[in-house]
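Next comes work.cif, with mmCIF, C-alpha atoms.
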```
data_entry
loop_
_atom_site.label_atom_id
_atom_site.label_comp_id
_atom_site.auth_asym_id
_atom_site.auth_seq_id
_atom_site.Cartn_x
_atom_site.Cartn_y
_atom_site.Cartn_z
CA MET A 1 62.56 21.77 76.72
CA SER A 2 65.29 19.31 77.66
CA PHE A 3 65.04 15.78 76.27
CA ASN A 4 67.02 13.99 78.99
CA GLU A 5 65.82 15.40 82.27
CA PHE A 6 63.66 18.22 83.50
CA THR A 7 65.61 21.29 84.72
CA LYS A 8 65.01 24.68 86.28
CA LEU A 9 65.58 26.20 82.83
CA ASP A 10 62.60 24.21 81.54
CA TYR A 11 60.43 25.42 84.40
CA CYS A 12 61.56 29.04 84.05
CA GLN A 13 60.84 28.86 80.32
CA TYR A 14 57.33 27.70 81.14
CA LEU A 15 56.74 30.57 83.59
CA LEU A 16 58.18 32.99 81.06
CA SER A 17 55.95 31.90 78.20
CA SER A 18 52.66 30.92 79.85
CA PRO A 19 50.08 33.73 79.65
CA ILE A 20 47.77 32.83 82.56
CA ASN A 21 47.93 29.17 83.62
CA TYR A 22 51.00 28.28 85.70
CA THR A 23 50.01 24.89 87.14
CA LEU A 24 52.10 21.73 86.84
CA THR A 25 49.11 19.98 85.27
CA ASN A 26 48.98 22.56 82.49
CA LEU A 27 52.73 22.26 81.95
CA ALA A 28 52.58 18.45 81.73
CA ASP A 29 49.65 18.69 79.30
CA HIS A 30 51.90 20.57 76.89
CA LEU A 31 54.90 18.26 77.14
CA GLN A 32 55.45 14.87 75.56
CA ASP A 33 58.70 14.04 77.34
CA PHE A 34 57.74 14.79 80.95
CA SER A 35 54.78 13.75 83.06
CA HIS A 36 53.22 15.66 85.94
CA ASP A 37 54.92 13.26 88.37
CA THR A 38 58.32 13.86 86.77
CA ILE A 39 57.99 17.63 87.10
CA ASN A 40 56.65 17.34 90.64
CA ARG A 41 59.50 15.05 91.62
CA TYR A 42 62.06 17.49 90.23
CA LEU A 43 60.61 20.50 92.09
CA ARG A 44 60.31 18.48 95.29
CA GLY A 45 63.92 17.27 95.15
CA GLU A 46 65.67 20.46 93.95
CA LYS A 47 66.81 23.22 96.30
CA LEU A 48 66.91 26.63 94.64
CA THR A 49 68.12 29.36 97.02
CA PRO A 50 68.37 33.18 96.92
CA ARG A 51 72.07 32.76 96.10
CA LEU A 52 71.05 31.55 92.64
CA LEU A 53 69.27 34.86 92.04
CA TRP A 54 72.35 36.80 93.16
CA GLU A 55 74.59 34.84 90.78
CA GLN A 56 72.27 35.66 87.90
CA VAL A 57 71.76 39.34 88.70
CA ARG A 58 75.30 40.29 89.77
CA PRO A 59 76.61 40.83 86.18
CA LEU A 60 73.55 42.95 85.37
CA LEU A 61 73.83 45.46 88.20
CA GLY A 62 74.44 49.10 87.46
CA LEU A 63 76.62 49.74 90.48
CA HIS A 64 76.81 53.19 92.04
CA PRO A 65 78.29 54.36 95.37
CA ASP A 66 75.15 56.40 96.13
CA ALA A 67 72.72 53.59 95.33
CA TYR A 68 69.69 52.77 97.47
CA LEU A 69 68.89 49.49 99.17
CA ILE A 70 65.17 49.02 99.75
CA PHE A 71 63.64 46.44 102.06
CA ASP A 72 59.97 45.54 102.08
CA ASP A 73 57.68 42.54 102.13
CA THR A 74 54.58 41.34 100.36
CA VAL A 75 52.14 38.46 100.78
CA LEU A 76 51.78 35.91 97.97
CA ASP A 77 48.05 35.30 98.07
CA HIS A 78 46.96 31.69 98.67
CA ARG A 79 43.71 32.32 100.50
CA PHE A 80 41.63 30.29 98.04
CA GLY A 81 44.07 27.45 97.46
CA PRO A 82 44.65 24.11 99.19
CA ALA A 83 46.48 23.62 102.48
CA ILE A 84 50.05 24.59 101.54
CA GLU A 85 53.12 24.32 103.75
CA GLY A 86 54.41 27.79 104.65
CA VAL A 87 51.06 29.51 104.14
CA ARG A 88 49.98 31.46 107.21
CA ARG A 89 47.59 34.24 108.10
CA GLN A 90 49.38 37.60 107.84
CA TRP A 91 48.73 41.24 107.14
CA SER A 92 48.60 42.28 103.50
CA GLY A 93 49.36 45.93 102.81
CA ASN A 94 47.68 45.72 99.41
CA GLU A 95 44.49 44.20 100.81
CA HIS A 96 44.64 46.20 104.06
CA ARG A 97 43.62 43.10 105.98
CA VAL A 98 44.86 39.71 107.11
CA ILE A 99 44.91 37.01 104.41
CA ARG A 100 46.38 33.53 103.99
CA GLY A 101 49.58 33.57 102.03
CA ILE A 102 53.35 33.16 101.84
CA GLY A 103 55.43 36.11 103.05
CA LEU A 104 58.18 37.34 100.72
CA VAL A 105 60.78 39.82 102.03
CA SER A 106 62.70 41.58 99.25
CA CYS A 107 65.97 43.49 98.95
CA LEU A 108 66.04 45.87 95.99
CA TYR A 109 69.04 47.72 94.57
CA VAL A 110 68.22 51.07 92.91
CA HIS A 111 70.53 53.19 90.75
CA PRO A 112 70.20 56.80 92.00
CA GLU A 113 70.53 58.42 88.56
CA THR A 114 68.74 56.10 86.12
CA GLY A 115 66.10 54.82 88.54
CA GLU A 116 66.68 51.27 87.28
CA PHE A 117 66.38 48.60 89.93
CA TRP A 118 67.25 44.96 90.48
CA LEU A 119 66.18 42.37 93.03
CA ILE A 120 69.44 41.19 94.62
CA ASP A 121 68.16 39.11 97.53
CA TYR A 122 64.99 37.77 99.12
CA ARG A 123 63.77 35.61 101.96
CA ILE A 124 60.64 33.54 102.61
CA PHE A 125 58.95 34.51 105.87
CA ASP A 126 58.23 31.18 107.54
CA PRO A 127 58.87 31.48 111.30
CA GLU A 128 57.44 28.04 112.03
CA ARG A 129 60.18 26.58 109.84
CA ASP A 130 63.26 28.66 110.71
CA GLY A 131 62.24 30.78 113.74
CA LYS A 132 63.19 34.03 111.97
CA SER A 133 61.20 37.26 111.99
CA LYS A 134 60.99 39.68 109.06
CA LEU A 135 63.46 41.89 110.94
CA ASP A 136 65.89 38.96 111.16
CA HIS A 137 65.63 38.48 107.41
CA VAL A 138 66.27 42.17 106.67
CA GLU A 139 69.30 42.23 108.96
CA GLU A 140 70.63 39.09 107.29
CA MET A 141 70.22 40.55 103.80
CA LEU A 142 71.73 43.87 104.86
CA ARG A 143 74.81 42.14 106.21
CA MET A 144 74.96 39.95 103.11
CA ALA A 145 74.97 43.02 100.83
CA GLU A 146 77.88 44.42 102.82
CA HIS A 147 79.69 41.07 102.70
CA ARG A 148 79.26 40.96 98.92
CA GLU A 149 80.72 44.48 98.72
CA VAL A 150 77.67 45.89 96.96
CA PRO A 151 78.12 49.68 96.95
CA PHE A 152 75.22 51.68 98.38
CA ALA A 153 74.73 54.78 100.51
CA THR A 154 71.13 54.80 101.73
CA VAL A 155 68.67 52.25 103.09
CA LEU A 156 64.94 52.78 102.62
CA MET A 157 62.31 50.75 104.45
CA ASP A 158 58.75 50.74 105.72
CA SER A 159 57.65 51.74 109.21
CA TRP A 160 57.50 48.03 110.13
CA TYR A 161 61.32 47.95 110.00
CA ALA A 162 61.91 51.27 111.79
CA THR A 163 63.28 49.58 114.90
CA ARG A 164 66.03 50.67 117.24
CA GLU A 165 68.21 47.67 116.39
CA LEU A 166 67.94 47.99 112.63
CA MET A 167 68.38 51.76 112.48
CA LEU A 168 71.44 51.63 114.75
CA LEU A 169 72.86 48.78 112.67
CA ILE A 170 72.56 50.87 109.49
CA ASP A 171 74.07 53.87 111.25
CA GLY A 172 76.93 51.70 112.51
CA MET A 173 77.67 50.65 108.93
CA ASP A 174 78.11 54.36 108.07
CA LYS A 175 75.04 54.26 105.85
CA LEU A 176 72.03 56.57 105.80
CA PHE A 177 68.45 55.53 106.40
CA TYR A 178 65.12 57.13 105.59
CA CYS A 179 61.96 55.50 106.87
CA PRO A 180 58.50 56.50 108.05
CA ILE A 181 57.55 55.91 111.68
CA LYS A 182 54.07 55.35 113.04
CA SER A 183 52.11 58.30 114.34
CA ASN A 184 52.01 56.91 117.89
CA ARG A 185 55.78 56.56 118.19
CA GLN A 186 57.06 58.26 121.36
CA VAL A 187 59.60 61.02 120.66
CA ASP A 188 61.13 64.09 122.29
CA ASP A 189 61.91 67.34 120.48
CA SER A 190 62.62 69.38 123.62
CA GLY A 191 66.07 68.13 124.51
CA GLY A 192 64.76 66.37 127.62
CA GLU A 193 62.81 69.33 128.99
CA ARG A 194 59.41 67.70 128.42
CA PRO A 195 58.12 64.10 128.52
CA TYR A 196 58.01 61.96 125.41
CA ARG A 197 54.98 62.54 123.20
CA ARG A 198 53.34 60.89 120.23
CA VAL A 199 54.95 62.08 117.03
CA ASP A 200 51.62 63.36 115.73
CA ALA A 201 51.23 65.53 118.84
CA LEU A 202 54.33 67.65 118.16
CA GLU A 203 54.04 71.35 117.36
CA TRP A 204 55.72 72.62 114.21
CA THR A 205 56.99 76.07 113.37
CA GLN A 206 57.07 77.14 109.75
CA GLU A 207 60.84 76.68 109.68
CA GLU A 208 60.56 73.16 111.10
CA SER A 209 57.88 72.30 108.56
CA ASN A 210 60.31 73.25 105.81
CA SER A 211 63.58 71.98 107.31
CA GLY A 212 62.60 69.25 109.79
CA LYS A 213 63.45 69.00 113.48
CA LEU A 214 65.89 67.03 115.62
CA ILE A 215 64.25 64.47 117.88
CA LYS A 216 65.15 61.60 120.16
CA ILE A 217 63.12 58.42 119.76
CA LYS A 218 62.20 56.70 122.99
CA GLY A 219 64.43 53.70 123.68
CA PHE A 220 67.38 54.97 121.63
CA PRO A 221 70.75 55.82 123.25
CA GLY A 222 70.69 59.07 125.23
CA ALA A 223 72.67 61.24 122.83
CA TYR A 224 71.39 59.67 119.62
CA LYS A 225 69.14 61.95 117.58
CA VAL A 226 67.56 61.77 114.17
CA LYS A 227 65.91 64.31 111.94
CA LEU A 228 62.14 64.18 111.60
CA PHE A 229 60.20 65.48 108.61
CA ARG A 230 56.47 65.92 108.27
CA VAL A 231 55.70 64.84 104.72
CA THR A 232 52.28 65.30 103.12
CA VAL A 233 51.72 62.26 100.92
CA SER A 234 48.15 63.04 99.85
CA THR A 235 45.07 64.82 101.08
CA GLY A 236 44.39 63.53 104.57
CA ARG A 237 47.60 61.52 104.81
CA THR A 238 50.85 62.58 106.47
CA ASP A 239 54.02 60.51 106.78
CA TRP A 240 56.49 61.08 109.60
CA VAL A 241 59.90 60.37 108.05
CA VAL A 242 63.04 59.99 110.15
CA THR A 243 66.62 59.91 108.93
CA ASN A 244 70.13 59.88 110.34
CA ASP A 245 71.08 62.22 107.50
CA LEU A 246 71.17 65.33 109.67
CA SER A 247 72.41 67.38 106.71
CA CYS A 248 69.18 66.81 104.76
CA PRO A 249 68.06 70.43 104.32
CA LEU A 250 64.39 70.31 103.29
CA ALA A 251 61.25 68.25 103.75
CA GLN A 252 60.97 68.16 99.96
CA ASP A 253 64.36 66.40 99.76
CA ALA A 254 63.26 63.84 102.33
CA GLN A 255 60.04 63.29 100.42
CA GLU A 256 61.90 62.71 97.14
CA VAL A 257 64.26 60.20 98.73
CA SER A 258 61.41 58.40 100.49
CA ALA A 259 59.48 58.18 97.21
CA VAL A 260 62.19 55.89 95.81
CA ARG A 261 60.91 53.27 98.25
CA TRP A 262 57.88 52.66 96.01
CA LYS A 263 60.14 50.94 93.49
CA VAL A 264 59.73 47.79 95.57
CA GLU A 265 55.97 48.00 95.11
CA GLU A 266 56.61 48.04 91.37
CA LEU A 267 58.68 44.88 91.72
CA HIS A 268 55.99 43.04 93.66
CA ARG A 269 53.21 44.16 91.31
CA GLU A 270 55.16 43.09 88.22
CA ALA A 271 56.23 39.73 89.67
CA LYS A 272 52.63 38.91 90.56
CA GLY A 273 51.39 40.07 87.17
CA VAL A 274 53.75 38.32 84.76
CA THR A 275 55.46 35.34 86.44
CA GLY A 276 52.68 33.37 88.15
CA ILE A 277 54.55 33.68 91.45
CA GLU A 278 51.26 33.27 93.39
CA GLU A 279 49.75 30.58 91.19
CA CYS A 280 51.50 27.35 92.21
CA GLN A 281 49.01 25.09 94.02
CA CYS A 282 51.45 22.38 95.13
CA ARG A 283 51.22 21.62 98.83
CA LYS A 284 54.88 20.95 99.59
CA GLY A 285 56.82 23.92 100.94
CA ARG A 286 59.97 22.99 99.02
CA ILE A 287 58.07 23.08 95.72
CA GLN A 288 56.64 26.48 96.63
CA ARG A 289 60.12 27.82 97.42
CA ASN A 290 61.51 26.52 94.14
CA HIS A 291 58.54 27.96 92.26
CA ILE A 292 59.13 31.38 93.86
CA ALA A 293 62.85 31.19 93.04
CA CYS A 294 62.12 30.46 89.37
CA ALA A 295 59.45 33.18 89.20
CA LEU A 296 61.94 35.76 90.49
CA LEU A 297 64.52 34.59 87.95
CA VAL A 298 61.90 35.07 85.24
CA TRP A 299 61.09 38.57 86.53
CA THR A 300 64.81 39.40 86.39
CA ARG A 301 65.01 38.24 82.78
CA LEU A 302 61.91 40.16 81.74
CA LYS A 303 63.09 43.30 83.53
CA THR A 304 66.47 43.08 81.80
CA LEU A 305 64.76 42.83 78.41
CA ALA A 306 62.54 45.78 79.33
CA TYR A 307 65.60 47.93 80.11
CA GLU A 308 67.36 46.84 76.92
CA THR A 309 64.39 47.54 74.63
CA GLY A 310 62.78 50.52 76.34
CA HIS A 311 59.50 48.65 76.75
CA THR A 312 57.56 47.84 79.90
CA ILE A 313 57.76 44.40 81.42
CA TYR A 314 54.11 43.86 80.48
CA GLN A 315 54.79 44.70 76.84
CA ILE A 316 57.66 42.21 76.82
CA LYS A 317 55.46 39.47 78.33
CA HIS A 318 52.51 40.10 76.04
CA GLY A 319 54.84 40.38 73.07
CA LEU A 320 55.93 36.79 73.64
CA LEU A 321 52.31 35.66 73.29
CA HIS A 322 51.82 37.86 70.22
CA ASP A 323 54.90 36.42 68.49
CA TYR A 324 53.75 32.89 69.28
CA LEU A 325 50.29 33.50 67.82
CA VAL A 326 51.75 35.07 64.68
CA GLN A 327 53.95 32.01 64.11
CA GLN A 328 51.01 29.66 64.72
CA LEU A 329 48.80 31.53 62.26
CA LYS A 330 51.54 31.21 59.61
CA SER A 331 51.78 27.44 60.02
CA PRO A 332 50.44 25.20 57.18
CA SER A 333 48.12 23.30 59.52
CA ILE A 334 46.35 26.49 60.58
CA LYS A 335 46.03 27.67 56.96
CA MET A 336 44.57 24.30 55.96
CA VAL A 337 41.94 24.45 58.71
CA LEU A 338 41.02 28.02 57.71
CA ALA A 339 40.81 27.24 53.98
#
```

Show me the file's structure as structure tokens.
Amino acid sequence: MSFNEFTKLDYCQYLLSSPINYTLTNLADHLQDFSHDTINRYLRGEKLTPRLLWEQVRPLLGLHPDAYLIFDDTVLDHRFGPAIEGVRRQWSGNEHRVIRGIGLVSCLYVHPETGEFWLIDYRIFDPERDGKSKLDHVEEMLRMAEHREVPFATVLMDSWYATRELMLLIDGMDKLFYCPIKSNRQVDDSGGERPYRRVDALEWTQEESNSGKLIKIKGFPGAYKVKLFRVTVSTGRTDWVVTNDLSCPLAQDAQEVSAVRWKVEELHREAKGVTGIEECQCRKGRIQRNHIACALLVWTRLKTLAYETGHTIYQIKHGLLHDYLVQQLKSPSIKMVLA
């Protein structure tokens, strides 16, 4: 820890090393140089932004012209905590219900050959504060990736983001998209000969089941068509995947590309499991934002170490605790107590 003033490095080091307790009270209890008020004052006065994450991750990226960009969101659970600025009731895909929490929208960069991935951008979903929807955040991050000249070929996203505006934006950037659409989406596979129908009401020939079919989605420009694939995810579950990659030959290919999207679920699960990203109980929204920023920096560091050593991020995290305990057990004071 620093001896002059508390810094983001000190806070990140705490999130990196703490096994389960990530509160400011616990941090202050383990420091002689900084009080709870000092740490709280620092986090309340600092302004850590997504740009800081980009500056840290940019040298680490394994760039590839055929890389994937993945957009998705998660809810940082605060349903049992105090009244926190930025916490709102919203749908949680993991819980399959509405909970109180902070919305985090992520932009992931995935290498198409190694499967390695990096978080390159994120946004906090707080419409009461900035008036932006999740779609606004995704569009902003997509344009930012292009502005930063990050090479990628394909955008993957959830059905929530399968909107006319976003899909046409991606197409206009000369990029491909693959995304599921909801079963009640109105489409036409007849070339205008029949009315629009729900996507799950379409008939499929054997050839179309294997190779997909061209459709027009209601509300899209008249001549604009996409390719639709019926993908069996599991018993009793079918995904309807659309893409502007009209050359995609088989449903199996579409399924394999779409499966890459689950990398973002891995990110969210790991961040929640090893960084304490959901555990800050401070009420001020600025402190929460700074806490999230530091947690994502810690995840980036742990993920980099995992790639370098061939271990999982959980092994790296637990290894830190193991090494600490080994050193403590070797100390003279411990040996004296045990003697």

Check: Using the chain letters and numbers from the file, which residues does the PyMOL selection byres ((chain A and resi 255-260) around 10) grab, as an NGL selection string?
Finding: :A and (68-70 or 110 or 112 or 115 or 154-158 or 177-180 or 229-233 or 239 or 241-242 or 250-254 or 261-264)

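Relative to CA of Thr275 in chain A, CA of Leu16 in chain A is found at 6.5 Å.
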
Next item on the list: Rank nothing, just name the residue among A:Tyr11, A:Tyr42, A:Trp204, A:Tyr109 nearest to Ile287 in chain A, using only C-alpha atoms.
Entry: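 Using only C-alpha atoms, the shortest distance to Ile287 in chain A belongs to A:Tyr42.
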
Check: Applied to this file, what does the PyMOL selection byres ((chain A and resi 212) around 6) return in terms of residues, put as a PyMOL selection string?
Finding: chain A and resi 208-209+211+213+228-229

Next item on the list: Name the residues that the PyMOL selection byres ((chain A and resi 127) around 12) pulls out of this structure, and write them as a ChimeraX atom specification.
Entry: /A:85-88,90,102-103,123-126,128-137

Output C-alpha atoms for every residue in the selection just made, as a PDB file, keeping the file's coordinate frame.
```
ATOM      1  CA  GLU A  85      53.120  24.320 103.750  1.00  0.00           C
ATOM      2  CA  GLY A  86      54.410  27.790 104.650  1.00  0.00           C
ATOM      3  CA  VAL A  87      51.060  29.510 104.140  1.00  0.00           C
ATOM      4  CA  ARG A  88      49.980  31.460 107.210  1.00  0.00           C
ATOM      5  CA  GLN A  90      49.380  37.600 107.840  1.00  0.00           C
ATOM      6  CA  ILE A 102      53.350  33.160 101.840  1.00  0.00           C
ATOM      7  CA  GLY A 103      55.430  36.110 103.050  1.00  0.00           C
ATOM      8  CA  ARG A 123      63.770  35.610 101.960  1.00  0.00           C
ATOM      9  CA  ILE A 124      60.640  33.540 102.610  1.00  0.00           C
ATOM     10  CA  PHE A 125      58.950  34.510 105.870  1.00  0.00           C
ATOM     11  CA  ASP A 126      58.230  31.180 107.540  1.00  0.00           C
ATOM     12  CA  GLU A 128      57.440  28.040 112.030  1.00  0.00           C
ATOM     13  CA  ARG A 129      60.180  26.580 109.840  1.00  0.00           C
ATOM     14  CA  ASP A 130      63.260  28.660 110.710  1.00  0.00           C
ATOM     15  CA  GLY A 131      62.240  30.780 113.740  1.00  0.00           C
ATOM     16  CA  LYS A 132      63.190  34.030 111.970  1.00  0.00           C
ATOM     17  CA  SER A 133      61.200  37.260 111.990  1.00  0.00           C
ATOM     18  CA  LYS A 134      60.990  39.680 109.060  1.00  0.00           C
ATOM     19  CA  LEU A 135      63.460  41.890 110.940  1.00  0.00           C
ATOM     20  CA  ASP A 136      65.890  38.960 111.160  1.00  0.00           C
ATOM     21  CA  HIS A 137      65.630  38.480 107.410  1.00  0.00           C
TER      22      HIS A 137
END
```

Next item on the list: Tell me which of A:Asp245, A:Glu46, A:Asp121, A:Glu140 sits closest to Lys8 in chain A, counting only C-alpha atoms.
Entry: A:Glu46

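Separating CA of Leu169 in chain A from CA of Asp73 in chain A is a distance of 19.5 Å.
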
Next item on the list: Dump as a list in words all residues having an atom at most 12 Å from (50.7, 24.0, 85.3), computed in the file's coordinates with all atoms listed in the file.
Entry: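 These residues have at least one counted atom within 12 Å: Tyr11, Tyr14, Leu15, Ser17, Ser18, Pro19, Ile20, Asn21, Tyr22, Thr23, Leu24, Thr25, Asn26, Leu27, Ala28, Asp29, His30, Leu31, Ser35, His36, Asp37, Ile39, Asn40, Gly276, Glu279, Cys280, Gln281, Cys282 and His291 of chain A.
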
Just write the chosen residues, C-alpha atoms, as a short mmCIF file (atom, residue, chain, number, x, y, z; two decimals), in the coordinates of the input.
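Generated file (selection-v2.cif):
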```cif
data_model
loop_
_atom_site.label_atom_id
_atom_site.label_comp_id
_atom_site.auth_asym_id
_atom_site.auth_seq_id
_atom_site.Cartn_x
_atom_site.Cartn_y
_atom_site.Cartn_z
CA TYR A 11 60.43 25.42 84.40
CA TYR A 14 57.33 27.70 81.14
CA LEU A 15 56.74 30.57 83.59
CA SER A 17 55.95 31.90 78.20
CA SER A 18 52.66 30.92 79.85
CA PRO A 19 50.08 33.73 79.65
CA ILE A 20 47.77 32.83 82.56
CA ASN A 21 47.93 29.17 83.62
CA TYR A 22 51.00 28.28 85.70
CA THR A 23 50.01 24.89 87.14
CA LEU A 24 52.10 21.73 86.84
CA THR A 25 49.11 19.98 85.27
CA ASN A 26 48.98 22.56 82.49
CA LEU A 27 52.73 22.26 81.95
CA ALA A 28 52.58 18.45 81.73
CA ASP A 29 49.65 18.69 79.30
CA HIS A 30 51.90 20.57 76.89
CA LEU A 31 54.90 18.26 77.14
CA SER A 35 54.78 13.75 83.06
CA HIS A 36 53.22 15.66 85.94
CA ASP A 37 54.92 13.26 88.37
CA ILE A 39 57.99 17.63 87.10
CA ASN A 40 56.65 17.34 90.64
CA GLY A 276 52.68 33.37 88.15
CA GLU A 279 49.75 30.58 91.19
CA CYS A 280 51.50 27.35 92.21
CA GLN A 281 49.01 25.09 94.02
CA CYS A 282 51.45 22.38 95.13
CA HIS A 291 58.54 27.96 92.26
#
```

Check: Looking at A:Arg237, A:Ile120, A:Val226, A:Glu193, which one is nearest to Glu55 in chain A, with distances taken over only C-alpha atoms?
Finding: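 Using only C-alpha atoms, Glu55 in chain A sits closest to A:Ile120.
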
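The shell of residues at most 10 Å from Phe80 in chain A, with all atoms listed in the file counted and near chain neighbours (fewer than 2 positions) removed, consists of A:Asp77, A:His78, A:Pro82, A:Ala83, A:Ile99, A:Arg100, A:Gly101, A:Gln281.
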
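The shortest atom-to-atom distance to Ser190 in chain A, with only C-alpha atoms taken into account, belongs to A:Leu202 out of A:Ile170, A:Val298, A:Leu202, A:Leu176.
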
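Proximity of A:Asp174, A:Ala295, A:Lys225, A:Gly192 to His268 in chain A, computed with only C-alpha atoms, is greatest for A:Ala295.
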
Next item on the list: For CA of Ala293 in chain A and CA of Pro50 in chain A, determine how far apart the two atoms are, in Å to one decimal place.
Entry: 7.0 Å

Next item on the list: Choose the residue, out of A:Leu104, A:Val150, A:Met144, A:Ala201, that has the smallest atom-to-atom separation from Gln186 in chain A; count all atoms listed in the file.
Entry: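 So, comparing all the options, the nearest one is A:Ala201.
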